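A short write-up of the structure that comes next.
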Amino acid sequence: MLLNREHKTGPVIKAGRSFLAGFLSVLLAGSAVAQNSRNVDVTAVSLEDLWNMQVTSVSKRSQKVADAAAAIFVLTQEDIRRSGATSIPEALRLVPGLEVARIDQNKWAIGSRGFNGRFDNKLLVLIDGRSVYTPLFSGVYWNVQDVMLEDVDRIEVIRGPGATLWGANAVDGVINVITKKAKATQSAIVTAGAGTEERAAGGVRFGSKLGDNTYYRAYTKYFDWGPSAYPSGITAHDGWDALRGGFRADWTPAGANSLTVQGDIYRSRFDETLTVASLSAPYSNTFPNDGKYSGGNILGRWNHTSEGSSMSLQMYYDNTTITDHSLFGDHQNILDLDFQHGFHVGDSQQFVWGLGYRSIRDKNDASFTVSLQPNQVTLNQFSTFLQDEISLVDNRLQITLGSKFERNEFTGFEIEPNARLLWNLTPNQSIWTAVSRAVRTPALTEEGLRLNSQVIPPGTPANPTPLPAVVAVFGSRQFNSQFNSEDLLAYELGYRVQATKNLSLDIATFYNNYSNLRTAEPGAPFPEGSPAPTDFVIPFVAGNKMSGGTYGVELFADWKVVPKWRLMGSYSYLQMDIHKNLDSQDPTPDNPNGSSPRHQWYLRSSVDLPKHFEQDTTLRFVDHLPSLGLPSYYSLDAHLGWRPVTSLELSIGGQNLLNNWHLEFMPDFVNTSPTVVKRSIFGSITVKF
Amino acid sequence: MLRRLRILIVALSVSLSGSPQAFAQTPDSRDSSEYLIKAGFIYNFAKFVEWPSAAFAQPDSPIVIGILGTDPFGALIDQIVENKKIGARSFVVKRLKWGTDFKELRDCKILFVGSSEKAHIDELLQIVKTLPILTVGETPGFAERGGVIRFVLEDNRVRFEVNVEAAHQADLTISSRLLTLARIIQQATAADTRKPG
């Protein structure tokens with residue numbers, strides 16, 4: 001919800017001095033930098049240093065992590081390229097503390113600070129300011145989210161709540177994928193690769209200009225993943241392919257206004273092995289299934305900058321159709337409008353406010369297993385936010401106060417305030433703390449879902465009746481109960497130090513207090529079918545009877561040993577004490593506690609070798625997941641790149657080199673067979689013109 | 001030694017205020033915005049360009065920076081040159097409009113020509129051609145048409161072109177330190193003046 005959607009994290013990350021500057025346009029943010037003696041004083045820098053300075057976007061500059069009163073991590077284009085990752089989820093494995101697990105070749109569970117799952121509902125994900133969080137289950141279809149990775153400028157990840165600026169659902173984290181401006185992608189790129197798992201991949205991007213001030217690019221990419229294997233070793237049915245294309249055009253005359261228009265279209269086909277319940281013997285069927293998704297989006301953003309203030313208006317339309325054959329079909333049309341205005345108040349305050357409107361039209365196709373009522377719905381959401389950032393004590397202390405006010409059709413008004421404080425102890429170390437409230441508003445499924453998860457055969461000890469018993473999960477609507485928002489009150493404390501020129505350390509700690517978390521409360525069984533009953537339904541209805549605390553620490557250290565060798569290390573610890581309330585009758589165990597790893601760490605080495613070779617190695621450890629019955633695992637990933645000339649890059653990467661395979665996660669709700677992550681090799685060639 | 005120390009200080013001040021990882025990843029490229037860097041260059045141009053002594057009324061006459069047309073700097077450039085001195089000369093920044101501020105325009109020592117002025121660049125450059133004014137522009141073909149310096153963005157960095165002949169006509173002496181970083185541009189002949197870029 002920031003002025004420049006593409007720079008959206010600016011304010012969040014730079015919660016300190018320039019919580020606002022991030023989206024206050026080049027001018028304002030520029031002046032904020034210039035005013036700031038701790039920042040670059042361009043008059044004190046030599047001509048040659050000036051010559052080497054990189055021009056970056058506003059938020060890049062405002063994303064001074066040392067100035068952020070939030071746990072932020074930035075994956076740069078360089079990080080992504082050198083990691084050998086070929087998708088957004090795989091690249092996210094390098095973010096300290098983030099939980100990234102693959103369920104099968106085309107499904108991921110990605111979470112932050114606990115509650116991980118395929119349908120994790122506490123993480124907000126944006127691509128160039130466009131939210132890809134689906135109102136269907138309040139999560140992200142990770143297999144739908146892709147971009148031309150070469151065009152990514154950076155991925156900014158904020159662990160912890162960002163609801164004041166980003167709104168409901170930015171509960172435990174915000175991920176921002178930010179692509180480069182069209183001006184920065186003026187060359188043509190052709191890339192092609194092949195590997196053992198990702199069998200083939202290719203992409204073409206072309207950039208050019210129209211007139212003096214308009215730059216554009218267009219891309220298309222395709223990939224094809226072969227099937228993985230079940231833990232038994234048998235080849236699985238989980239391959240997939242996807243084709244997508246898109247463009248971005250930036251019109252940036254030297255004046256006060258600028259305009260960006262961008263869009264994508266895509267389609268994909270994916271395989272999975274599905275187990276569904278049925279009313280007749282054998283009451284459960286496992287079969288190879290397939291699905292497809294397609295969609296498109298178009299976004300326009302206008303920025304207006306005048307001295308001392310900045311405005312932006314953004315609008316986008318997003319259409320997604322996902323069809324999981326034999327299971328569910330969902331067609332979504334989202335229209336989103338966002339206005340923001342930021343300005344300075346005196347010398348020490350920056351104020352920003354905004355208005356947002358979001359219209360969601362959802363239409364779905366049911367199956368015996370999954371149905372949603374009503375099968376067609378339009379939701380309207382309104383929001384406003386305001387935030388003030390105050391600099392005190394010679395800019396060494398920054399206080400940020402703000403709140404979001406949102407109205408949704410399920411729970412009415414929601415208020416999400418936060419207070420953040422950053423204290424620059426010395427020029428090279430800072431301490432920050434924050435208290436925030438965030439809510440996770442109900443998803444369509446929590447209102448109107450019916451998921452037949454299991455059928456208990458008749459005449460068995462569990463079901464002595466002559467009719468099959470359907471164990472079904474329901475949204476609250478059909479039981480005239482109310483499913484409320486899940487609440488979080490988060491306390492965070494962090495410390496950063498640039499110990500030497502070559503060594504920096506970032507520590508973030510948190511204590512999260514959750515209430516009204518979702519449970520599945522049993523209801524009274526009832527018969528269904530007409531004229532004669534065909535089965536009994538044992539309902540479990542969405543309730544809000546779980547609460548508790550989580551706490552943890554996330555460390556990241558970055559050491560430039562010598563100019564050509566960089567070592568990075570990350571460790572994260574997570575303790576979850578989530579329990580059902582005494583009045584809850586949910587029979588399932590306190591699952592969230594064991595579905596996120598308690599310990600995670602990685603060590604990463606990044607070396608520039610002679611003759612334009614570069615080598616990266618990452619050793620990762622992910623702790624066991626007791627509630628899923630999964631052991632811990634180590635993964636060794638290595639990547640070798642060679643750029644003999646700037647226009648050519650050859651790359652070869654291996655993932656999971658230590659083991660033949662490991663299993664990372666288990667499905668939830670929808671019973672697809674999990675498959676293993678195998679040792680894999682992928683090589684590619686990229687040519688620039 | 002001094003230079004190394006200075007770089008270290010710059011690097012430190014940047015890194016300390018900057019993202020630790022971002023800094024570590026790109027130690028040679030400091031984050032900054034385009035116009036902050038351009039303003040920094042303009043300040044440096046004042047240091048590395050010599051005006052004829054007759055150009056200034058007094059030894060301590062200020063260096064007037066004129067910004068013609070749309071101003072992409074905002075308050076930035078004022079803050080940068082505020083309280084700065086080159087020798088005895090301080091800075092004054094003036095915003096100018098084409099068509100009304102001709103007198104002020106002639107008094108500038110550095111004239112930044114905003115891209116809004118595209119339509120009358122030739123006319124403008126004709127007017128100031130023999131005046132001791134360092135013209136700085138951004139529009140394609142600015143230097144070829146007789147502007148002294150043109151900023152160019154390349155590879156996310158600010159580069160500049162210098163038309164040495166135009167500098168010579170304006171009686172400006174450009175330091176070799178500046179010239180080694182510049183791309184030297186030949187004045188376009190009358191025949192291809194119209195061709196942009």
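To be explicit about the labels: the chains of the structure tokens are called A, B, and onward in the order shown, and within each one the residues are counted from 1, while ligands get numbers from 1 in the order they are shown.
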
All alpha helix (DSSP H) residues (DSSP, backbone) inside stretch 71-307 of chain A, as a PDB file with C-alpha atoms, in the first residue's frame:
```pdb
ATOM      1  CA  GLN A  77      19.619 -10.384  -8.398  1.00  0.00           C
ATOM      2  CA  GLU A  78      23.210 -11.447  -7.811  1.00  0.00           C
ATOM      3  CA  ASP A  79      22.165 -13.759  -4.956  1.00  0.00           C
ATOM      4  CA  ILE A  80      19.491 -15.350  -7.083  1.00  0.00           C
ATOM      5  CA  ARG A  81      21.719 -15.794 -10.099  1.00  0.00           C
ATOM      6  CA  ARG A  82      24.582 -17.223  -8.087  1.00  0.00           C
ATOM      7  CA  SER A  83      22.361 -19.595  -6.149  1.00  0.00           C
ATOM      8  CA  ILE A  88      11.014 -17.964  -6.748  1.00  0.00           C
ATOM      9  CA  PRO A  89      10.346 -20.604  -4.068  1.00  0.00           C
ATOM     10  CA  GLU A  90      13.779 -22.164  -4.515  1.00  0.00           C
ATOM     11  CA  ALA A  91      15.454 -18.753  -4.300  1.00  0.00           C
ATOM     12  CA  ALA A 163      -0.109  -5.147   8.523  1.00  0.00           C
ATOM     13  CA  THR A 164      -0.057  -1.432   9.185  1.00  0.00           C
ATOM     14  CA  LEU A 165       1.126  -0.784   5.674  1.00  0.00           C
ATOM     15  CA  TRP A 166       0.204  -3.959   3.936  1.00  0.00           C
TER      16      TRP A 166
END
```

Completion exercise
Students should find that atom CA of A:Phe621 and atom CA of A:Pro597 are spaced 9.8 Å

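When atom CA of A:Met568 is paired with atom CA of A:Gly84, their separation reads 16.3 Å.
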
Find the residues near B:His120: any atom within 12 Å, counting only C-alpha atoms, skip ones fewer than 5 places away on the same chain, and give them as a tab-separated table (two decimals) with N, CA and C atoms, in the first residue's frame.
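Contents of the output file result32.tsv:
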```tsv
chain	number	residue	atom	x	y	z
B	68	LEU	N	16.90	25.12	-15.72
B	68	LEU	CA	15.95	25.64	-16.70
B	68	LEU	C	14.87	24.60	-16.97
B	69	GLY	N	13.63	25.04	-16.83
B	69	GLY	CA	12.51	24.14	-17.12
B	69	GLY	C	12.23	23.21	-15.94
B	97	LYS	N	12.82	29.95	-16.12
B	97	LYS	CA	11.80	29.60	-17.11
B	97	LYS	C	12.23	30.11	-18.47
B	98	TRP	N	12.06	29.31	-19.45
B	98	TRP	CA	12.36	29.72	-20.81
B	98	TRP	C	11.40	30.82	-21.22
B	99	GLY	N	11.95	31.85	-21.87
B	99	GLY	CA	11.07	32.89	-22.39
B	99	GLY	C	10.97	34.10	-21.48
B	113	VAL	N	19.86	22.06	-18.13
B	113	VAL	CA	18.73	22.20	-19.04
B	113	VAL	C	17.81	21.00	-18.87
B	114	GLY	N	16.67	21.24	-18.30
B	114	GLY	CA	15.72	20.15	-18.05
B	114	GLY	C	15.19	19.58	-19.36
B	115	SER	N	14.72	18.37	-19.28
B	115	SER	CA	14.31	17.74	-20.54
B	115	SER	C	13.00	18.33	-21.08
B	125	LEU	N	21.10	26.92	-26.95
B	125	LEU	CA	22.55	26.71	-27.05
B	125	LEU	C	23.18	27.78	-27.94
B	126	GLN	N	22.40	28.25	-28.91
B	126	GLN	CA	22.88	29.33	-29.76
B	126	GLN	C	23.10	30.59	-28.93
B	127	ILE	N	22.16	30.86	-28.03
B	127	ILE	CA	22.23	32.07	-27.20
B	127	ILE	C	23.44	32.03	-26.26
B	139	THR	N	19.09	15.40	-22.50
B	139	THR	CA	18.35	14.91	-23.66
B	139	THR	C	19.32	14.38	-24.71
B	142	PHE	N	22.23	16.27	-26.85
B	142	PHE	CA	22.51	17.56	-26.21
B	142	PHE	C	23.95	18.01	-26.47
B	145	ARG	N	24.77	18.79	-30.14
B	145	ARG	CA	24.21	20.04	-30.63
B	145	ARG	C	24.91	21.26	-30.06
```

Exercise for the section: Return the single residue from A:Thr323, A:Ser367, A:Asn333, A:Asn424 that is closest to chain B, with distances computed using only C-alpha atoms. Expected result: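 Result for the nearest residue to chain B: A:Asn424.
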
Problem - DSSP strand (DSSP E) residues within stretch 18-194 of chain B, listed as a ChimeraX atom specification - result: /B:31-32,49-50,63-68,91-96,110-113,134-137,149-154,157-162,173-174,183-184

Could those selected residues go to a file with C-alpha atoms, as a PDB file, in the first residue's frame?
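Saved to out13.pdb:
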```pdb
ATOM      1  CA  ASP B  31      23.183   2.963  -3.312  1.00  0.00           C
ATOM      2  CA  SER B  32      21.956   6.288  -4.325  1.00  0.00           C
ATOM      3  CA  VAL B  49      35.936  23.333 -14.515  1.00  0.00           C
ATOM      4  CA  GLU B  50      37.712  26.651 -14.686  1.00  0.00           C
ATOM      5  CA  ILE B  63      28.633  30.194  -8.637  1.00  0.00           C
ATOM      6  CA  VAL B  64      25.083  30.438  -9.936  1.00  0.00           C
ATOM      7  CA  ILE B  65      23.510  27.129 -10.871  1.00  0.00           C
ATOM      8  CA  GLY B  66      20.493  27.641 -13.057  1.00  0.00           C
ATOM      9  CA  ILE B  67      17.896  24.956 -13.566  1.00  0.00           C
ATOM     10  CA  LEU B  68      15.947  25.635 -16.700  1.00  0.00           C
ATOM     11  CA  PHE B  91      26.687  28.541  -4.564  1.00  0.00           C
ATOM     12  CA  VAL B  92      23.337  29.960  -5.527  1.00  0.00           C
ATOM     13  CA  VAL B  93      20.641  27.819  -7.151  1.00  0.00           C
ATOM     14  CA  LYS B  94      18.043  29.476  -9.359  1.00  0.00           C
ATOM     15  CA  ARG B  95      15.043  27.990 -11.120  1.00  0.00           C
ATOM     16  CA  LEU B  96      14.538  29.522 -14.520  1.00  0.00           C
ATOM     17  CA  ILE B 110      26.245  26.235 -14.641  1.00  0.00           C
ATOM     18  CA  LEU B 111      23.006  25.814 -16.526  1.00  0.00           C
ATOM     19  CA  PHE B 112      21.132  22.555 -16.149  1.00  0.00           C
ATOM     20  CA  VAL B 113      18.732  22.203 -19.043  1.00  0.00           C
ATOM     21  CA  LEU B 134      28.708  25.263 -18.437  1.00  0.00           C
ATOM     22  CA  THR B 135      25.604  23.817 -20.026  1.00  0.00           C
ATOM     23  CA  VAL B 136      24.510  20.459 -18.655  1.00  0.00           C
ATOM     24  CA  GLY B 137      21.718  18.471 -20.217  1.00  0.00           C
ATOM     25  CA  ILE B 149      28.054  18.126 -20.800  1.00  0.00           C
ATOM     26  CA  ARG B 150      25.314  15.570 -21.119  1.00  0.00           C
ATOM     27  CA  PHE B 151      24.428  12.993 -18.458  1.00  0.00           C
ATOM     28  CA  VAL B 152      23.838   9.484 -19.705  1.00  0.00           C
ATOM     29  CA  LEU B 153      22.619   6.519 -17.687  1.00  0.00           C
ATOM     30  CA  GLU B 154      24.515   3.376 -18.459  1.00  0.00           C
ATOM     31  CA  ARG B 157      25.477   4.371 -13.408  1.00  0.00           C
ATOM     32  CA  VAL B 158      25.636   8.016 -14.280  1.00  0.00           C
ATOM     33  CA  ARG B 159      28.044   8.692 -17.135  1.00  0.00           C
ATOM     34  CA  PHE B 160      28.608  11.904 -19.022  1.00  0.00           C
ATOM     35  CA  GLU B 161      29.562  13.128 -22.445  1.00  0.00           C
ATOM     36  CA  VAL B 162      31.625  16.245 -22.980  1.00  0.00           C
ATOM     37  CA  THR B 173      38.772  24.819 -19.130  1.00  0.00           C
ATOM     38  CA  ILE B 174      37.833  21.317 -18.140  1.00  0.00           C
ATOM     39  CA  ARG B 183      33.031  10.296 -23.335  1.00  0.00           C
ATOM     40  CA  ILE B 184      34.252  12.945 -25.745  1.00  0.00           C
TER      41      ILE B 184
END
```

Would you pick out the contacts of stretch 371-387 of chain A at 6 Å or less, using only C-alpha atoms, so that residues sharing its chain but fewer than 2 positions from it are not included, and give the list as a JSON list (two decimals) with C-alpha atoms, in the first residue's frame?
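Saved the output as out24.json:
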```json
[["chain", "number", "residue", "atom", "x", "y", "z"],
["A", 351, "PHE", "CA", 3.59, 11.50, 7.06],
["A", 352, "VAL", "CA", 1.91, 9.11, 4.70],
["A", 353, "TRP", "CA", -1.65, 8.01, 4.22],
["A", 354, "GLY", "CA", -3.48, 5.93, 1.72],
["A", 355, "LEU", "CA", -6.75, 4.53, 0.52],
["A", 356, "GLY", "CA", -7.39, 1.14, -0.96],
["A", 357, "TYR", "CA", -10.23, -0.69, -2.61],
["A", 358, "ARG", "CA", -10.25, -4.31, -3.66],
["A", 359, "SER", "CA", -13.01, -6.17, -5.42],
["A", 360, "ILE", "CA", -12.83, -9.93, -5.65],
["A", 361, "ARG", "CA", -15.11, -12.00, -7.82],
["A", 362, "ASP", "CA", -14.78, -15.70, -7.23],
["A", 363, "LYS", "CA", -16.54, -18.49, -9.03],
["A", 364, "ASN", "CA", -15.86, -22.11, -8.37],
["A", 366, "ALA", "CA", -17.21, -28.22, -7.02],
["A", 401, "LEU", "CA", 3.43, 5.21, 14.56],
["A", 402, "GLY", "CA", 0.69, 4.14, 12.29],
["A", 403, "SER", "CA", -2.38, 2.08, 11.74],
["A", 404, "LYS", "CA", -4.38, 0.44, 9.06],
["A", 405, "PHE", "CA", -8.17, 0.44, 9.10],
["A", 406, "GLU", "CA", -9.83, -2.12, 6.94],
["A", 407, "ARG", "CA", -13.32, -3.24, 6.22],
["A", 408, "ASN", "CA", -14.08, -6.69, 4.89],
["A", 448, "GLY", "CA", -18.27, -21.68, 2.83],
["A", 449, "LEU", "CA", -16.08, -24.74, 2.38],
["A", 450, "ARG", "CA", -17.11, -28.31, 2.53]]
```

Exercise for the section: Give me the residues within 12 Å of stretch 232-234 of chain A as a ChimeraX atom specification, counting only C-alpha atoms and dropping any in the same chain fewer than 5 places off. Expected result: /A:227,660-663,673-678

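Using only C-alpha atoms, the shortest contact distance between chain A and any of B:Val164, B:Val81, B:Ala57, B:Ala170 is found at B:Val81.
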
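Across the structure, atom CA of A:Ser280 and atom CA of A:Gly523 are spaced 23.6 Å apart.
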
Practice task
Using only C-alpha atoms, determine which residues lie at most 12 Å from A:Pro533, disregarding the query and same-chain residues fewer than 3 positions distant; provide the list as a list in words.
Solution key: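 Residues meeting the cut-off are Thr465, Pro466, Leu467, Pro468, Ala469, Phe526, Pro527, Glu528, Gly529, Ser530, Phe536 and Val537 of chain A.
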
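Distance check against chain B using only C-alpha atoms: of A:Phe689, A:Phe343, A:Tyr230, A:Phe73, the minimum falls on A:Phe73.
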